[in-house]
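J.: Here it is, the structure, as C-alpha cells.
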Amino acid sequence: MFFLFSLFLISACQREKITEIVDDGIPPRQPAGLKILYAFDGEIDLQWQANREEGIAGYNIYRTVNNSGNFSKIDFTNEIFYTDDHLEYDSLYTYKITAVDIFDRESKPSDTVSAKPVNRFYPLRIWSLKVNARNWSGTPAIVLRWIPNRETDIAYYEIYRSAQENFTPEDSMLVNTVKGFTFIDSTDLKILTKYYYRIIAVDKGGLKSKPGNIDSDIILDKPGPVFPPDNSNTGYFTNFKFVTSAYPANYKIVVKSSPVGEVIHEINIQSGLISDTLSVPVGSFVFEVYKTYYWQVHSFTKNLDEPNSISRQVSFTIIPDL
C-alpha cells in the first residue's frame with residue numbers, strides 16, 4: 001500500500017511540473033512538405049508538415065499572383081492546412097509559408113507551390129429553399145430563403161416562378177437574379193393563387209447548377225374581425241368572431257394591451273371554414289374593466305411561426321353591465 005501511495009505522490013508532482021520554454025534566439029526551422037491538395041473553381045487548398053520544435057505559434061501564408069515576384073502575407077494560421085478562396089480562375093497563384101514561434105521569430109520560407117484554380121465543376125443544387133407568403137400591410141409579397149452554396153465562386157442565383165407544380169425552369173419564368181440568399185417577390189402576384197419557386201446557382205464562369213427543390217405558398221386574403229367590433233364598448237363576452245380567409249388555413253387571435261404593445265393573450269385555431277364567420281372561445285383569460293384592448297387575426301398556411309396574412313387591428317373596451 002505504501003508503494004502505491006508513493007507512486008501516486010510522484011505522479012502528482014510530475015503532473016504539476018511545468019516545462020518552461022526558453023527563448024534560445026534561434027528561429028524555427030524552415031517548414032517542409034508544402035503542397036496543393038485542391039485547385040478548382042476559384043479555390044486553392046494547401047497542406048504542409050508540422051514543425052516539431054516546441055513553442056511553434058503557427059504559420060504565415062504568403063502569396064504572389066501571376067509570377068509578379070512580390071509576395072504578400074495574406075494570413076496566419078495555427079493549423080497545417082489553409083484554404084484560399086474567392087480567386088480568379090485564370091490567374092496563377094504561388095505560395096510559400098514560414099513558421100513563427102511564441103517569441104515572434106520567423107523561419108526561412110518554405111519551397112513554393114503554384115496552381116490555377118480553373119473553373120471545372122458545376123455548382124451544387126439547392127435543396128433548402130423555403131417560401132412564405134405575406135399579406136401583412138402594404139403590397140402582398142412572397143419571401144424566399146435558402147442556404148447559400150458552400151462554393152466560393154458563386155456569382156448569383158436565378159429565381160424562377162410558376163403557377164404550375166413540378167415545373168421546369170424556362171427563361172420566361174425568370175423573376176430575378178440575386179447575389180444574396182434571400183429574395184422578396186412582389187411582382188404581379190395575385191391573392192389566392194399558389195406560386196411555385198425554384199432556384200439555380202450560377203458561378204463566375206457561367207456554369208449553372210441543376211434546378212433546386214420546389215417550394216410554394218399562396219397569398220391569403222385577410223381575415224375580418226367581427227366581434228368585438230372596432231372602437232366598441234362591450235361587457236364581458238365569451239367568444240371572438242371573425243370571417244375566415246377564402247382558403248383553408250390555421251389562425252391565431254392576438255390580443256394586446258396597446259396598439260404596439262406586447263401580446264398578452266393568444267388563441268390558436270384550426271379550421272376548414274372558407275369565407276365564413278368563425279366563433280372562438282376566449283378561454284380562461286380575464287379582461288380588466290374599463291381597459292382598452294387591441295386584437296387582430298393572423299392566418300397561417302405552413303406553421304405558426306410566420307403569418308401568411310394579418311387582419312386589421314381593432315380595439316374594444318370592457319364596460320361592465322353593458
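By convention in this document, the chains of the C-alpha cells carry letters A, B, ... by their order, each chain's residues are numbered from 1, and ligands are numbered from 1 in the order they are shown.
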Which residues of range 177-230 of chain A sit at most 7 Å from range 287-310 of chain A, using only C-alpha atoms? Give each one's shortest atom pair and distance in Å (one decimal place), in chain and ascending residue order, as CSV.

T.:
residue,atom,partner,partner_atom,distance
A:Ile219,CA,A:Asn308,CA,6.7
A:Leu220,CA,A:Ser309,CA,5.9
A:Asp221,CA,A:Ser309,CA,6.6
A:Lys222,CA,A:Ser309,CA,5.4
A:Pro223,CA,A:Val297,CA,6.4
A:Pro225,CA,A:Gln296,CA,6.8

J.: Those selected residues, please, written with N, CA and C atoms and delivered as an mmCIF file, in the first residue's frame.

T.:
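Result saved to result_22.cif:
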data_model
loop_
_atom_site.group_PDB
_atom_site.id
_atom_site.type_symbol
_atom_site.label_atom_id
_atom_site.label_comp_id
_atom_site.auth_asym_id
_atom_site.auth_seq_id
_atom_site.Cartn_x
_atom_site.Cartn_y
_atom_site.Cartn_z
ATOM 1 N N ILE A 219 -50.872 33.384 -51.294
ATOM 2 C CA ILE A 219 -51.160 34.602 -50.543
ATOM 3 C C ILE A 219 -52.646 34.619 -50.198
ATOM 4 N N LEU A 220 -52.949 34.569 -48.903
ATOM 5 C CA LEU A 220 -54.329 34.552 -48.459
ATOM 6 C C LEU A 220 -54.916 35.957 -48.374
ATOM 7 N N ASP A 221 -56.243 36.034 -48.546
ATOM 8 C CA ASP A 221 -56.919 37.276 -48.214
ATOM 9 C C ASP A 221 -56.943 37.406 -46.702
ATOM 10 N N LYS A 222 -57.125 38.618 -46.219
ATOM 11 C CA LYS A 222 -57.027 38.874 -44.788
ATOM 12 C C LYS A 222 -58.306 38.466 -44.058
ATOM 13 N N PRO A 223 -58.164 37.829 -42.888
ATOM 14 C CA PRO A 223 -59.349 37.559 -42.073
ATOM 15 C C PRO A 223 -60.012 38.875 -41.667
ATOM 16 N N PRO A 225 -62.057 40.760 -38.640
ATOM 17 C CA PRO A 225 -62.606 40.790 -37.279
ATOM 18 C C PRO A 225 -64.072 41.242 -37.285
#

J.: Near Ile74 in chain A, within 8 Å and counting only C-alpha atoms, which residues show up once chain neighbours fewer than 2 positions away are dropped, as a PyMOL selection string?

T.: chain A and resi 60-63+72+76

J.: Quick one: everything within 12 Å of Gly69 in chain A, counting only C-alpha atoms, minus sequence neighbours fewer than 6 positions away in the same chain. Send it as a ChimeraX atom specification.

T.: /A:62-63,92-96,112

J.: Next, the residues of the selection above should be written as a PDB file, in the first residue's frame with C-alpha atoms.

T.:
ATOM      1  CA  TYR A  62       2.469  34.384 -48.368  1.00  0.00           C
ATOM      2  CA  ARG A  63       1.140  34.682 -51.916  1.00  0.00           C
ATOM      3  CA  LEU A  92      -1.569  31.727 -61.372  1.00  0.00           C
ATOM      4  CA  TYR A  93      -1.216  31.774 -57.576  1.00  0.00           C
ATOM      5  CA  THR A  94       2.126  30.969 -55.954  1.00  0.00           C
ATOM      6  CA  TYR A  95       2.501  30.317 -52.236  1.00  0.00           C
ATOM      7  CA  LYS A  96       5.166  29.944 -49.574  1.00  0.00           C
ATOM      8  CA  THR A 112       6.971  27.487 -53.282  1.00  0.00           C
TER       9      THR A 112
END

J.: When you look at Thr98 in chain A with a cut-off of 8 Å (counting only C-alpha atoms), what residues show up, excluding the ones that are within fewer than 6 positions of it in the same chain? I need them as a list in words.

T.: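 Using only C-alpha atoms, the neighbours found are Gln30, Pro31, Tyr59, Asn60, Ile61, Glu106, Ser107, Lys108, Pro109 and Ser110 of chain A.
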
J.: Save the residues we just selected, C-alpha atoms, as a short mmCIF file (atom, residue, chain, number, x, y, z; two decimals), in the first residue's frame?

T.:
data_model
loop_
_atom_site.label_atom_id
_atom_site.label_comp_id
_atom_site.auth_asym_id
_atom_site.auth_seq_id
_atom_site.Cartn_x
_atom_site.Cartn_y
_atom_site.Cartn_z
CA GLN A 30 12.03 26.05 -42.46
CA PRO A 31 8.58 24.37 -42.97
CA TYR A 59 2.44 29.76 -39.84
CA ASN A 60 2.39 32.85 -42.03
CA ILE A 61 0.90 32.39 -45.52
CA GLU A 106 10.06 33.68 -38.12
CA SER A 107 11.68 30.88 -40.09
CA LYS A 108 13.05 30.99 -43.59
CA PRO A 109 10.31 30.49 -46.19
CA SER A 110 9.34 27.06 -47.45
#

J.: Please provide as a PyMOL selection string all residues within 10 Å of range 201-204 of chain A, with the sequence filter that same-chain residues fewer than 4 positions apart are discarded (counting only C-alpha atoms).

T.: chain A and resi 41-42+86+88-89+119+121-126+148-149+151-159+177-179+208-212

J.: Rounded to one decimal place, report the CA of Thr182 in chain A-CA of Trp146 in chain A distance in Å.

T.: 6.6 Å

J.: Can you work out which one of A:Arg150, A:His265, A:Lys190, A:Arg198 has the shortest atom-to-atom distance to Glu170 in chain A, counting only C-alpha atoms?

T.: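 Closest residue, counting only C-alpha atoms: A:Arg198.
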
J.: Can you pull out every residue within 8 Å of Pro28 in chain A, counting only C-alpha atoms, but drop anything in the same chain fewer than 4 positions away, and send it as a ChimeraX atom specification?

T.: /A:51,53,56,99-101,105-107

J.: Using only C-alpha atoms, which residues sit within 8 Å of Ile264 in chain A once same-chain residues fewer than 6 positions away are excluded, as a list in words?

T.: Val254, Val255, Lys256 and Ser257 of chain A
